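Inspection log for the structure reproduced underneath, given as structure tokens.
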Amino acid sequence: KKLLRTLVIVFIVVTLIISGTAVISGYTRENLKSNSYISFSELNNNPLVTNILLIGTDDSDGSASRSDTMLMVSLDYIHGKIKLTSFLRDCRVEIPSTGKQMKLNAACVYGGPQLVCDTIEYNFRVDNMRTFRQRKVVTALLSKMKRSSPLTLLRAVKDIMPLIQTDLNAFEIALLAYKAGFAALFFEIQQMKIPEDNMMTTGYVGSQWVEIPDLDACRKGLYEFIYKNSTAQSSDS
């Protein structure tokens with residue numbers, strides 16, 4: 001019991017140091033508003049499941065850009081799992097601010113991270129916290145975290161944070177770092193994509209190749225994956 005207690009204390013201290021480094025290393029704070037296109041009561045959520053939406057963009061030239069990567073990381077404390085959901089960028093959905101059907105990654109052009117979050121919530125009915133970055137990268141980072149020394153993690157955090165935009169404040173980052181650190185050490189990692197192959201049809205709309213989702217199937221599959229103990233692909237594949 002004394003050894004376990006010591007390990008827990010060490011883990012908490014290291015996590016707080018790393019999260020503190022993340023805060024002072026500098027990141028861009030971007031406040032996002034509540035979704036005005038759908039009511040909160042229509043969204044699936046559970047207080048024991050934390051969803052973080054990571055968005056990877058290439059806007060190095062300062063211009064508006066499409067989101068190449070949209071990944072939701074779900075920390076499921078009910079079943080002890082980290083669940084990674086990739087939203088396919090060529091998925092054709094309604095961009096709520098325009099009322100038009102477009103590729104999902106176009107939302108970033110029309111309204112930045114705010115509209116990406118709003119569009120995913122609007123179409124797939126899942127409640128998100130927000131942030132930024134990609135599937136294999138996140139899986140690799142979680143795997144490396146288990147093998148890395150605290151000093152290595154501190155260096156990585158210091159390099160990564162200036163590239164991050166988030167609507168989380170310093171306290172929320174520290175709390176999330178603690179939760180994610182615990183989950184990365186002890187939770188199983190699973191992943192899926194939305195839409196899965198059996199949840200969509202593909203073809204051309206005009207000159208664009210798109211994936212047309214069965215939204216009812218996507219919503220049901222996503223709900224069961226995130227909030228239930230459904231089986232999913234291993235992160236090792």
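By order in the structure tokens, chains are A, B, ...; within a chain, residues start at 1; ligands start at 1, following the order shown.
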request  = Taking the DSSP assignment computed from this structure's backbone, write out as JSON, numbers by chain all residues of region 161-225 of chain A that belong to strand (DSSP E).
outcome  = {"A": [165, 166, 188, 189, 190, 191, 192, 193, 194, 200, 201, 202, 203, 204, 205, 208, 209, 210, 211, 212, 213]}
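All residues of protein, DNA or RNA that reach within 12 Å of Val205 (chain A), judged by only C-alpha atoms and not counting those fewer than 3 positions away in the chain, are Asp90, Cys91, Arg92, Gln101, Met102, Lys103, Thr201, Thr202, Gln208, Trp209, Val210, Glu211 and Ile212 of chain A.
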Those same residues - C-alpha atoms - I'd like them written as a PDB file, in the first residue's frame.
ATOM      1  CA  ASP A  90     -14.131  13.851 -47.568  1.00  0.00           C
ATOM      2  CA  CYS A  91     -17.339  13.005 -45.709  1.00  0.00           C
ATOM      3  CA  ARG A  92     -20.179  15.060 -47.244  1.00  0.00           C
ATOM      4  CA  GLN A 101     -23.789  19.959 -48.264  1.00  0.00           C
ATOM      5  CA  MET A 102     -19.989  20.059 -48.455  1.00  0.00           C
ATOM      6  CA  LYS A 103     -16.939  18.066 -47.495  1.00  0.00           C
ATOM      7  CA  THR A 201     -21.643   5.237 -50.070  1.00  0.00           C
ATOM      8  CA  THR A 202     -19.013   6.836 -52.279  1.00  0.00           C
ATOM      9  CA  GLN A 208     -15.583  15.962 -56.324  1.00  0.00           C
ATOM     10  CA  TRP A 209     -15.110  12.460 -54.964  1.00  0.00           C
ATOM     11  CA  VAL A 210     -17.023  12.272 -51.689  1.00  0.00           C
ATOM     12  CA  GLU A 211     -18.126   9.865 -48.988  1.00  0.00           C
ATOM     13  CA  ILE A 212     -21.855  10.163 -48.316  1.00  0.00           C
TER      14      ILE A 212
END
Residues within 7 Å of region 106-108 of chain A, only C-alpha atoms, excluding chain neighbours under 4 positions, as a ChimeraX atom specification = /A:65-67,95,102,112-113,115-116
Residues from the last selection, C-alpha atoms, saved as an mmCIF file, in the first residue's frame:
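Output saved as again-v5.cif:
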data_model
loop_
_atom_site.group_PDB
_atom_site.id
_atom_site.type_symbol
_atom_site.label_atom_id
_atom_site.label_comp_id
_atom_site.auth_asym_id
_atom_site.auth_seq_id
_atom_site.Cartn_x
_atom_site.Cartn_y
_atom_site.Cartn_z
ATOM 1 C CA SER A 65 -7.197 26.384 -44.662
ATOM 2 C CA ARG A 66 -9.113 23.139 -44.654
ATOM 3 C CA SER A 67 -8.754 20.793 -41.694
ATOM 4 C CA ILE A 95 -22.134 22.844 -42.951
ATOM 5 C CA MET A 102 -19.989 20.059 -48.455
ATOM 6 C CA GLY A 112 -12.327 27.999 -38.449
ATOM 7 C CA PRO A 113 -12.223 25.642 -35.418
ATOM 8 C CA LEU A 115 -17.422 25.807 -37.246
ATOM 9 C CA VAL A 116 -15.550 22.473 -37.363
#
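Restricting the calculation to only C-alpha atoms, the smallest distance between Thr50 (chain A) and any of A:Val73, A:Met199, A:Val126, A:Ile189 is found for A:Val73.
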